[in-house]
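Listing of query.txt, compact mmCIF, C-alpha atoms and all ligand atoms
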# COMPACT_ATOMS: atom_id res chain seq x y z
CA MET A 1 0.00 0.00 0.00
CA LEU A 2 1.08 3.58 -0.58
CA GLU A 3 2.21 5.64 2.39
CA GLY A 4 2.76 9.29 3.27
CA GLU A 5 3.02 11.90 0.51
CA GLU A 6 2.93 9.31 -2.26
CA LEU A 7 -0.39 7.99 -0.97
CA MET A 8 -1.84 11.50 -0.72
CA GLY A 9 -0.76 12.25 -4.31
CA SER A 10 -2.50 9.20 -5.75
CA LEU A 11 -5.54 9.42 -3.49
CA SER A 12 -6.11 13.03 -4.57
CA ARG A 13 -6.55 11.59 -8.07
CA VAL A 14 -9.36 9.33 -6.86
CA LYS A 15 -12.48 11.43 -7.34
CA ARG A 16 -15.75 10.92 -5.44
CA VAL A 17 -18.93 12.28 -7.02
CA LYS A 18 -22.69 11.89 -6.67
CA ASP A 19 -23.12 12.04 -10.47
CA PHE A 20 -20.66 11.98 -13.37
CA SER A 21 -20.04 14.34 -16.29
CA GLU A 22 -18.19 14.21 -19.61
CA LEU A 23 -15.29 15.99 -17.92
CA ASP A 24 -14.99 13.16 -15.38
CA ILE A 25 -14.72 10.62 -18.22
CA GLU A 26 -12.11 12.77 -19.96
CA MET A 27 -10.10 13.02 -16.74
CA LEU A 28 -9.98 9.22 -16.59
CA VAL A 29 -8.77 9.13 -20.20
CA THR A 30 -6.02 11.73 -19.67
CA GLY A 31 -4.96 10.18 -16.36
CA GLU A 32 -5.75 13.28 -14.27
CA CYS A 33 -8.09 10.99 -12.39
CA VAL A 34 -7.03 7.41 -11.49
CA ALA A 35 -10.50 6.27 -10.40
CA LEU A 36 -13.94 7.84 -10.29
CA ILE A 37 -16.33 6.69 -7.56
CA VAL A 38 -19.98 7.53 -8.23
CA GLU A 39 -21.54 7.05 -4.80
CA GLY A 40 -24.88 5.27 -4.59
CA TYR A 41 -25.25 5.01 -8.36
CA TYR A 42 -27.67 2.06 -8.05
CA SER A 43 -30.09 2.06 -5.12
CA ALA A 44 -29.84 -0.51 -2.30
CA VAL A 45 -33.29 -1.87 -3.19
CA ASP A 46 -32.39 -2.31 -6.86
CA SER A 47 -28.97 -3.77 -5.96
CA ASP A 48 -30.54 -6.30 -3.57
CA ARG A 49 -33.19 -7.33 -6.12
CA LEU A 50 -30.71 -7.83 -8.95
CA ALA A 51 -28.19 -9.66 -6.71
CA ALA A 52 -30.88 -12.02 -5.37
CA ASN A 53 -32.13 -12.79 -8.89
CA VAL A 54 -28.58 -13.40 -10.14
CA LEU A 55 -27.95 -15.86 -7.29
CA LYS A 56 -31.15 -17.73 -8.18
CA SER A 57 -30.36 -17.81 -11.91
CA LYS A 58 -29.69 -21.16 -13.55
CA ARG A 59 -27.62 -19.46 -16.25
CA VAL A 60 -24.64 -18.61 -14.03
CA GLU A 61 -21.46 -20.18 -15.44
CA ASN A 62 -17.84 -20.51 -14.33
CA TYR A 63 -15.61 -17.69 -15.58
CA THR A 64 -12.48 -19.50 -16.75
CA HIS A 65 -9.26 -18.06 -18.16
CA GLU A 66 -6.85 -19.64 -20.60
CA VAL A 67 -3.50 -20.19 -18.91
CA SER A 68 -0.36 -21.81 -20.24
CA ASP A 69 0.80 -24.75 -18.12
CA GLU A 70 4.16 -26.11 -19.29
CA GLY A 71 3.33 -25.18 -22.87
CA ARG A 72 -0.25 -26.53 -22.80
CA LEU A 73 -3.21 -24.17 -22.81
CA GLU A 74 -5.72 -24.92 -20.07
CA GLU A 75 -8.96 -23.32 -18.95
CA LYS A 76 -8.44 -22.41 -15.28
CA TYR A 77 -11.11 -21.42 -12.76
CA PHE A 78 -10.26 -18.57 -10.37
CA GLY A 79 -13.40 -18.67 -8.21
CA VAL A 80 -15.39 -16.20 -10.34
CA ASP A 81 -18.77 -17.05 -11.90
CA ARG A 82 -20.61 -14.95 -14.45
CA LEU A 83 -23.81 -14.17 -16.30
CA GLY A 84 -22.98 -13.29 -19.91
CA VAL A 85 -20.00 -14.32 -22.04
CA PRO A 86 -16.98 -11.96 -21.89
CA PHE A 87 -15.11 -11.30 -25.13
CA ASN A 88 -11.65 -11.21 -23.54
CA GLY A 89 -11.45 -15.01 -23.39
CA LEU A 90 -11.99 -15.23 -27.15
CA TYR A 91 -9.19 -13.09 -28.55
CA LYS A 92 -7.28 -16.15 -29.70
CA ALA A 93 -10.29 -18.17 -30.85
CA LYS A 94 -9.64 -19.57 -34.32
CA ALA A 95 -11.84 -18.87 -37.31
CA GLY A 96 -14.43 -21.60 -37.61
CA ASP A 97 -14.15 -22.97 -34.05
CA GLY A 98 -17.50 -21.35 -33.27
CA LYS A 99 -16.43 -19.56 -30.07
CA ARG A 100 -16.72 -15.97 -31.27
CA GLU A 101 -19.82 -16.87 -33.28
CA HIS A 102 -21.35 -18.11 -30.02
CA TYR A 103 -20.41 -14.81 -28.35
CA TYR A 104 -22.17 -12.75 -31.03
CA GLN A 105 -25.22 -15.03 -30.94
CA GLN A 106 -25.69 -14.67 -27.17
CA ALA A 107 -25.03 -10.91 -27.03
CA LYS A 108 -28.57 -9.59 -27.52
CA GLN A 109 -30.18 -12.38 -25.49
CA SER A 110 -27.78 -11.84 -22.56
CA ILE A 111 -28.57 -8.13 -22.40
CA GLN A 112 -32.31 -8.88 -22.41
CA TYR A 113 -31.95 -11.62 -19.78
CA LEU A 114 -30.14 -9.29 -17.36
CA ARG A 115 -32.77 -6.63 -18.04
CA GLY A 116 -35.40 -9.13 -16.90
CA LEU A 117 -33.52 -9.85 -13.65
CA ALA A 118 -33.31 -6.13 -12.83
CA SER A 119 -36.95 -5.36 -13.70
CA PRO A 120 -38.80 -3.13 -12.85
CA ALA A 121 -35.55 -1.11 -12.48
CA LEU A 122 -33.11 -0.55 -15.35
CA THR A 123 -29.94 -2.62 -15.05
CA PRO A 124 -27.12 -0.37 -13.79
CA ILE A 125 -25.32 -0.92 -17.09
CA ASP A 126 -28.37 0.05 -19.18
CA ARG A 127 -28.60 3.25 -17.13
CA LEU A 128 -24.90 3.94 -17.61
CA ARG A 129 -25.21 3.36 -21.36
CA LEU A 130 -28.07 5.86 -21.60
CA GLU A 131 -26.32 8.48 -19.50
CA LEU A 132 -23.03 8.16 -21.37
CA ASP A 133 -24.87 8.62 -24.67
CA GLU A 134 -26.69 11.67 -23.29
CA ARG A 135 -23.61 13.27 -21.75
CA MET A 136 -20.68 12.55 -24.08
CA SER A 137 -20.38 15.05 -26.95
CA PHE A 138 -19.95 12.23 -29.46
CA GLY A 139 -22.31 9.84 -27.68
CA ALA A 140 -21.85 6.24 -26.63
CA THR A 141 -22.88 3.09 -28.44
CA VAL A 142 -22.71 -0.68 -28.03
CA ALA A 143 -19.56 -1.62 -29.98
CA SER A 144 -19.54 -3.58 -33.23
CA PHE A 145 -16.32 -5.55 -33.58
CA GLU A 146 -15.85 -7.76 -36.64
CA GLY A 147 -19.03 -6.13 -37.98
CA GLN A 148 -21.22 -7.65 -35.26
CA LYS A 149 -22.90 -6.17 -32.23
CA MET A 150 -21.23 -6.86 -28.89
CA LEU A 151 -22.65 -7.77 -25.49
CA ALA A 152 -22.57 -4.80 -23.09
CA GLY A 153 -23.09 -5.62 -19.41
CA ILE A 154 -22.21 -8.82 -17.57
CA VAL A 155 -22.51 -9.77 -13.89
CA ARG A 156 -19.69 -11.43 -11.96
CA ILE A 157 -19.95 -13.38 -8.72
CA THR A 158 -16.69 -13.83 -6.81
CA ARG A 159 -16.82 -16.68 -4.31
CA SER A 160 -15.37 -15.67 -0.95
CA ASP A 161 -13.63 -18.99 -0.26
CA LEU A 162 -11.68 -18.66 -3.53
CA SER A 163 -11.28 -14.86 -3.51
CA TYR A 164 -7.55 -15.18 -2.75
CA LEU A 165 -7.10 -16.48 -6.32
CA SER A 166 -8.04 -13.08 -7.82
CA ALA A 167 -5.90 -11.26 -5.24
CA GLU A 168 -2.51 -12.82 -5.86
CA GLN A 169 -1.43 -11.16 -9.08
CA PRO A 170 -2.63 -7.98 -10.79
CA HIS A 171 -3.80 -8.03 -14.41
CA PHE A 172 -4.72 -5.42 -17.00
CA ASP A 173 -7.44 -5.38 -19.68
CA ALA A 174 -6.53 -4.13 -23.17
CA LEU A 175 -8.48 -5.00 -26.31
CA PRO A 176 -6.15 -6.20 -29.11
CA GLU A 177 -5.93 -3.71 -31.98
CA GLN A 178 -7.24 -6.26 -34.49
CA PHE A 179 -10.72 -5.50 -33.06
CA ALA A 180 -10.45 -1.74 -32.51
CA ARG A 181 -7.70 0.82 -32.06
CA LEU A 182 -8.49 2.73 -28.88
CA ASP A 183 -6.89 5.75 -27.20
CA ALA A 184 -7.98 4.39 -23.82
CA GLN A 185 -9.98 1.53 -22.32
CA LEU A 186 -12.06 2.19 -19.23
CA ALA A 187 -13.94 -0.25 -17.00
CA ALA A 188 -17.14 0.41 -15.05
CA ASN A 189 -18.05 -1.76 -12.06
CA VAL A 190 -21.30 -1.38 -10.14
CA TYR A 191 -21.25 -3.12 -6.76
CA LEU A 192 -24.46 -5.04 -6.10
CA LYS A 193 -23.24 -7.02 -3.09
CA VAL A 194 -20.06 -6.27 -1.15
CA PRO A 195 -18.29 -8.18 1.62
CA ASP A 196 -17.90 -6.52 5.02
CA LYS A 197 -14.22 -7.34 5.22
CA GLY A 198 -11.83 -7.07 2.26
CA GLY A 199 -12.80 -7.14 -1.43
CA GLU A 200 -11.23 -3.74 -2.18
CA LEU A 201 -10.32 -2.76 -5.74
CA GLU A 202 -6.53 -2.53 -5.78
CA LEU A 203 -5.06 -0.18 -8.38
CA TRP A 204 -1.53 0.72 -9.37
CA ASP A 205 -0.93 4.32 -10.39
CA VAL A 206 1.46 3.55 -13.26
CA PRO A 207 1.08 4.44 -16.97
CA PRO A 208 -1.57 2.40 -18.85
CA LEU A 209 -0.18 -0.56 -20.81
CA GLY A 210 -0.62 -1.38 -24.49
CA PRO A 211 -2.38 -4.57 -25.64
CA LEU A 212 0.86 -6.36 -26.53
CA THR A 213 2.62 -5.78 -23.20
CA THR A 214 3.85 -8.95 -21.51
CA VAL A 215 4.03 -8.85 -17.74
CA PRO A 216 6.37 -10.72 -15.41
CA ALA A 217 5.09 -13.81 -13.57
CA ASP A 218 5.50 -12.08 -10.21
CA TRP A 219 4.32 -8.67 -11.40
CA ARG A 220 3.20 -7.51 -7.96
CA SER A 221 6.72 -7.55 -6.57
CA GLU A 222 7.96 -5.28 -9.38
CA LEU A 223 5.17 -2.69 -9.16
CA PRO A 224 5.22 0.34 -6.86
CA PRO A 225 2.88 0.32 -3.84
CA SER A 226 -0.84 0.15 -4.72
CA LEU A 227 -3.87 2.09 -3.62
CA ARG A 228 -7.11 0.47 -2.45
CA ILE A 229 -10.70 1.51 -2.97
CA LYS A 230 -13.45 0.03 -0.80
CA PRO A 231 -16.79 0.52 -2.59
CA LEU A 232 -20.14 0.34 -0.81
CA LYS A 233 -23.24 -1.39 -2.16
CA GLY A 234 -24.63 0.59 -5.11
CA ASP A 235 -21.41 2.50 -5.80
CA MET A 236 -19.99 2.59 -9.31
CA VAL A 237 -16.22 2.75 -9.87
CA LEU A 238 -14.73 3.72 -13.24
CA PHE A 239 -11.01 3.44 -13.98
CA ASN A 240 -8.55 2.95 -16.82
CA CYS A 241 -8.30 -0.85 -16.88
CA ARG A 242 -5.05 -0.78 -18.89
CA ARG A 243 -3.48 0.00 -15.52
CA PRO A 244 -2.71 -3.04 -13.32
CA HIS A 245 -5.52 -3.92 -10.94
CA ALA A 246 -6.69 -6.75 -8.66
CA ILE A 247 -9.45 -7.56 -6.19
CA CYS A 248 -8.35 -8.03 -2.58
CA GLU A 249 -9.16 -11.25 -0.77
CA PHE A 250 -12.32 -11.11 1.32
CA GLU A 251 -14.37 -13.05 3.86
CA GLY A 252 -18.07 -13.67 4.34
CA GLU A 253 -20.67 -13.55 1.59
CA ASP A 254 -19.94 -13.64 -2.13
CA ARG A 255 -19.25 -10.39 -3.98
CA ILE A 256 -21.45 -9.46 -6.97
CA THR A 257 -20.72 -6.73 -9.53
CA ALA A 258 -22.10 -5.60 -12.88
CA GLN A 259 -19.35 -4.70 -15.33
CA MET A 260 -18.73 -3.11 -18.75
CA PHE A 261 -15.78 -1.82 -20.80
CA MET A 262 -15.73 1.53 -22.59
CA GLY A 263 -13.34 2.23 -25.45
CA TYR A 264 -12.39 5.88 -26.01
CA CYS A 265 -11.22 7.40 -29.30
CA SER A 266 -10.96 11.17 -29.61
CA GLY A 267 -13.88 12.64 -31.60
CA GLN A 268 -15.83 9.34 -31.74
CA PRO A 269 -18.65 7.79 -29.71
CA LEU A 270 -17.57 5.71 -26.72
CA GLN A 271 -17.72 2.03 -27.65
CA MET A 272 -19.18 -0.24 -24.99
CA TRP A 273 -18.78 -3.99 -24.63
CA ASN A 274 -17.79 -6.93 -22.44
FE FE B 301 -9.86 -6.48 -15.02
Please go through the file and, once you have read it, give me the structure as structure tokens.
Amino acid sequence: MLEGEELMGSLSRVKRVKDFSELDIEMLVTGECVALIVEGYYSAVDSDRLAANVLKSKRVENYTHEVSDEGRLEEKYFGVDRLGVPFNGLYKAKAGDGKREHYYQQAKQSIQYLRGLASPALTPIDRLRLELDERMSFGATVASFEGQKMLAGIVRITRSDLSYLSAEQPHFDALPEQFARLDAQLAANVYLKVPDKGGELELWDVPPLGPLTTVPADWRSELPPSLRIKPLKGDMVLFNCRRPHAICEFEGEDRITAQMFMGYCSGQPLQMWN
């Protein structure tokens, strides 16, 4: 963790607001702001309803990541489950293997399914999409990569007993340029259910990384001290996800968040996807 003056310098670039503006988004893009916390973005009642419906859903699946084990690629489970298919596991999918085709096929249905679980409220991601479109000068739209409409808005459930697996090493999220060339990639997380102890978002205030950057196996030990953000239920946190980040280990009940990526290109609509 950061200490003393260094901590104060980075923390002053964590902005807390009750509502966000275009300027706030631009400050995340330029790096003037490391993280934006929109307090109470989604009400406690709406958060509880959506979290309870997600936990009851039969469509929740394991969120696995491809990892290389002695030269072999394996799908590894890190204790995170999800509703909706994320695109970042499909970057290396081969033409004709059906994986990206499956992603595009489920996109519209997944958005509608989540909408049903949040009803009669909007999903927090639907609300964010509307407000970004209203507030950004060039608007905001669900991305089309490879000429097909993306999914925008997934829900992730992190299991407390396995939460240490997401805490060990930081990672960063950067869309490969074959899909879109972006000036910046932001992430939005809305916290529907938060643990009492732990579960902070850990961020490293270092320059954002490009999609082709390779990181050392023990990245944490080579990074400067981190800063930690402890969101409350209903808060939304936006940050540049090309910076290293991790979720701290936690105890107690599972942690549930709604999530979306936003790609920024100067003079163009924000592109939104998962
Ligand atoms: Fe991430």
### Query
Using only C-alpha atoms and all ligand atoms, which protein or nucleic acid residues are at most 8 Å from ligand FE 301 (chain B), as an MDAnalysis selection string?
chainID A and resid 171:173 187 241 245:246
#### Entry: Within 9 Å of Gly31 in chain A using all atoms listed in the file, minus same-chain residues under 5 positions, as a list in words
Arg13, Glu26, Pro207, Pro208 and Asn240 of chain A
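Note that CA of Tyr264 in chain A and CA of Asp183 in chain A are 5.6 Å apart.
Taking CA of Ala121 in chain A and CA of Asp48 in chain A as endpoints, the distance between them is 11.5 Å.
You will find CA of Leu165 in chain A at 9.1 Å from CA of Tyr77 in chain A.
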### Query
Pro170 in chain A: which residues within 9 Å, counting all atoms listed in the file, same-chain residues fewer than 5 positions away excluded, as a VMD selection string?
chain A and resid 202 to 204 219 to 220 244 to 247
Go ahead and dump the residues you just picked, C-alpha atoms, as a PDB file, keeping the file's coordinate frame.
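Saved as part03.pdb:
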ATOM      1  CA  GLU A 202      -6.530  -2.530  -5.780  1.00  0.00           C
ATOM      2  CA  LEU A 203      -5.060  -0.180  -8.380  1.00  0.00           C
ATOM      3  CA  TRP A 204      -1.530   0.720  -9.370  1.00  0.00           C
ATOM      4  CA  TRP A 219       4.320  -8.670 -11.400  1.00  0.00           C
ATOM      5  CA  ARG A 220       3.200  -7.510  -7.960  1.00  0.00           C
ATOM      6  CA  PRO A 244      -2.710  -3.040 -13.320  1.00  0.00           C
ATOM      7  CA  HIS A 245      -5.520  -3.920 -10.940  1.00  0.00           C
ATOM      8  CA  ALA A 246      -6.690  -6.750  -8.660  1.00  0.00           C
ATOM      9  CA  ILE A 247      -9.450  -7.560  -6.190  1.00  0.00           C
TER      10      ILE A 247
END
### Residue nearest Tyr164 in chain A among A:Glu101, A:Leu232, A:Gly198, A:Gly263 (counting all atoms listed in the file)
A:Gly198
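Proximity of A:Gln169, A:Gln185, A:Thr123, A:Ser226 to Tyr41 in chain A, computed with only C-alpha atoms, is greatest for A:Thr123.
Counting all atoms listed in the file and comparing A:Leu175, A:Ala152, A:Val54, A:Val14, the residue that lies closest to Leu90 in chain A is A:Leu175.
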